[in-house]
Amino acid sequence: MSTKAIFISVLLIYAFPGSPPKIFVIGDSISIHYGPYLAQYLGTDFQYARKGDNGEAFKNLDIPVGANGGDSRMVLDYLRELLQ
């Protein structure tokens with residue numbers, strides 16, 4: 001029996017005049033944990049941002065809510081909602 005892990009992360013990079021580029025991360029539960037390390041690595045060259053919540057994603061990382069973007073369909077739905 002083989003197990004497959006799927007890792008989904010979307011990085012959106014955009015910039016406004018006079019400020020460093022912003023990296024916006026939307027990902028699954030794994031991305032929640034590496035986010036602080038990524039922000040530290042980026043330093044002041046980039047602004048780090050991610051889909052946030054009030055801590056509900058950490059209650060159960062197997063349930064995609066809040067900062068846990070879930071699967072690719074859920075991420076696409078979230079991006080479509082942002083664009084409206």
# chains A, B, ... in the order shown; residues from 1 in each chain; ligands from 1
$ closest_atom_pairs --of "stretch 8-50 of chain A" --to "stretch 55-76 of chain A" --cutoff "6 Å" --atoms "only C-alpha atoms" --output "JSON lines"
{"residue": "A:Ile26", "atom": "CA", "partner": "A:Gly69", "partner_atom": "CA", "distance": 6.0}
{"residue": "A:Gly27", "atom": "CA", "partner": "A:Gly69", "partner_atom": "CA", "distance": 5.0}
{"residue": "A:Asp28", "atom": "CA", "partner": "A:Asn68", "partner_atom": "CA", "distance": 4.9}
{"residue": "A:Ser29", "atom": "CA", "partner": "A:Asn68", "partner_atom": "CA", "distance": 5.0}
$ residues_around --residues "stretch 13-20 of chain A" --least-positions-apart "5" --cutoff "7 Å" --atoms "only C-alpha atoms" --output "tab-separated table (two decimals) with N, CA and C atoms, in the first residue's frame"
chain	number	residue	atom	x	y	z
A	45	ASP	N	13.20	42.22	2.54
A	45	ASP	CA	13.16	42.30	1.07
A	45	ASP	C	11.74	42.12	0.54
A	46	PHE	N	10.92	41.40	1.28
A	46	PHE	CA	9.54	41.13	0.90
A	46	PHE	C	8.65	41.25	2.12
A	47	GLN	N	7.39	41.56	1.89
A	47	GLN	CA	6.38	41.50	2.94
A	47	GLN	C	5.70	40.13	2.82
$ atom_distance --atom1 "atom CA of A:Asp77" --atom2 "atom CA of A:His33"
22.6 Å
$ select_by_dssp --residues "chain A" --states "alpha helix (DSSP H)" --output "VMD selection string"
chain A and resid 29 to 42 56 to 59 72 to 83
$ select_by_dssp --residues "chain A" --states "strand (DSSP E or B)" --output "ChimeraX atom specification"
/A:9-14,22-27,47-50,68
$ write_last_selection --atoms "N, CA, C and O atoms" --output "compact mmCIF listing (two decimals), in the first residue's frame"
# COMPACT_ATOMS: atom_id res chain seq x y z
N SER A 9 0.44 24.82 -2.45
CA SER A 9 0.72 26.18 -2.01
C SER A 9 0.67 27.09 -3.22
O SER A 9 1.15 26.74 -4.28
N VAL A 10 0.09 28.22 -3.03
CA VAL A 10 0.03 29.22 -4.09
C VAL A 10 0.74 30.45 -3.55
O VAL A 10 0.44 30.93 -2.47
N LEU A 11 1.70 30.94 -4.31
CA LEU A 11 2.38 32.17 -3.94
C LEU A 11 1.97 33.25 -4.92
O LEU A 11 2.15 33.11 -6.12
N LEU A 12 1.41 34.31 -4.41
CA LEU A 12 1.08 35.46 -5.24
C LEU A 12 2.07 36.56 -4.87
O LEU A 12 2.19 36.92 -3.70
N ILE A 13 2.76 37.07 -5.86
CA ILE A 13 3.73 38.11 -5.59
C ILE A 13 3.28 39.37 -6.33
O ILE A 13 3.04 39.36 -7.53
N TYR A 14 3.16 40.45 -5.57
CA TYR A 14 2.76 41.72 -6.17
C TYR A 14 3.45 42.85 -5.43
O TYR A 14 3.93 42.68 -4.32
N LYS A 22 5.06 42.08 -2.00
CA LYS A 22 4.36 41.27 -1.00
C LYS A 22 4.17 39.86 -1.55
O LYS A 22 3.77 39.68 -2.70
N ILE A 23 4.47 38.88 -0.72
CA ILE A 23 4.23 37.48 -1.06
C ILE A 23 3.04 37.02 -0.23
O ILE A 23 3.08 37.06 1.00
N PHE A 24 1.98 36.61 -0.92
CA PHE A 24 0.77 36.14 -0.25
C PHE A 24 0.69 34.64 -0.44
O PHE A 24 0.66 34.15 -1.57
N VAL A 25 0.69 33.89 0.64
CA VAL A 25 0.70 32.43 0.60
C VAL A 25 -0.68 31.89 0.91
O VAL A 25 -1.29 32.26 1.91
N ILE A 26 -1.16 31.02 0.05
CA ILE A 26 -2.38 30.26 0.31
C ILE A 26 -1.97 28.80 0.21
O ILE A 26 -1.45 28.38 -0.82
N GLY A 27 -2.18 28.05 1.25
CA GLY A 27 -1.76 26.66 1.21
C GLY A 27 -2.54 25.78 2.14
O GLY A 27 -3.53 26.20 2.74
N GLN A 47 7.39 41.56 1.89
CA GLN A 47 6.38 41.50 2.94
C GLN A 47 5.70 40.13 2.82
O GLN A 47 5.34 39.71 1.73
N TYR A 48 5.56 39.45 3.94
CA TYR A 48 4.92 38.14 3.94
C TYR A 48 3.48 38.29 4.44
O TYR A 48 3.23 38.96 5.42
N ALA A 49 2.56 37.68 3.74
CA ALA A 49 1.15 37.67 4.16
C ALA A 49 0.56 36.32 3.80
O ALA A 49 1.06 35.63 2.91
N ARG A 50 -0.49 35.96 4.50
CA ARG A 50 -1.16 34.70 4.19
C ARG A 50 -2.63 34.81 4.52
O ARG A 50 -3.04 35.74 5.21
N ASN A 68 -5.97 27.33 6.71
CA ASN A 68 -5.73 26.09 5.99
C ASN A 68 -6.58 26.12 4.73
O ASN A 68 -7.78 25.90 4.77
$ atom_distance --atom1 "atom CA of A:Leu79" --atom2 "atom CA of A:Asp53"
15.8 Å
$ atom_distance --atom1 "atom CA of A:Glu81" --atom2 "atom CA of A:Lys51"
12.7 Å
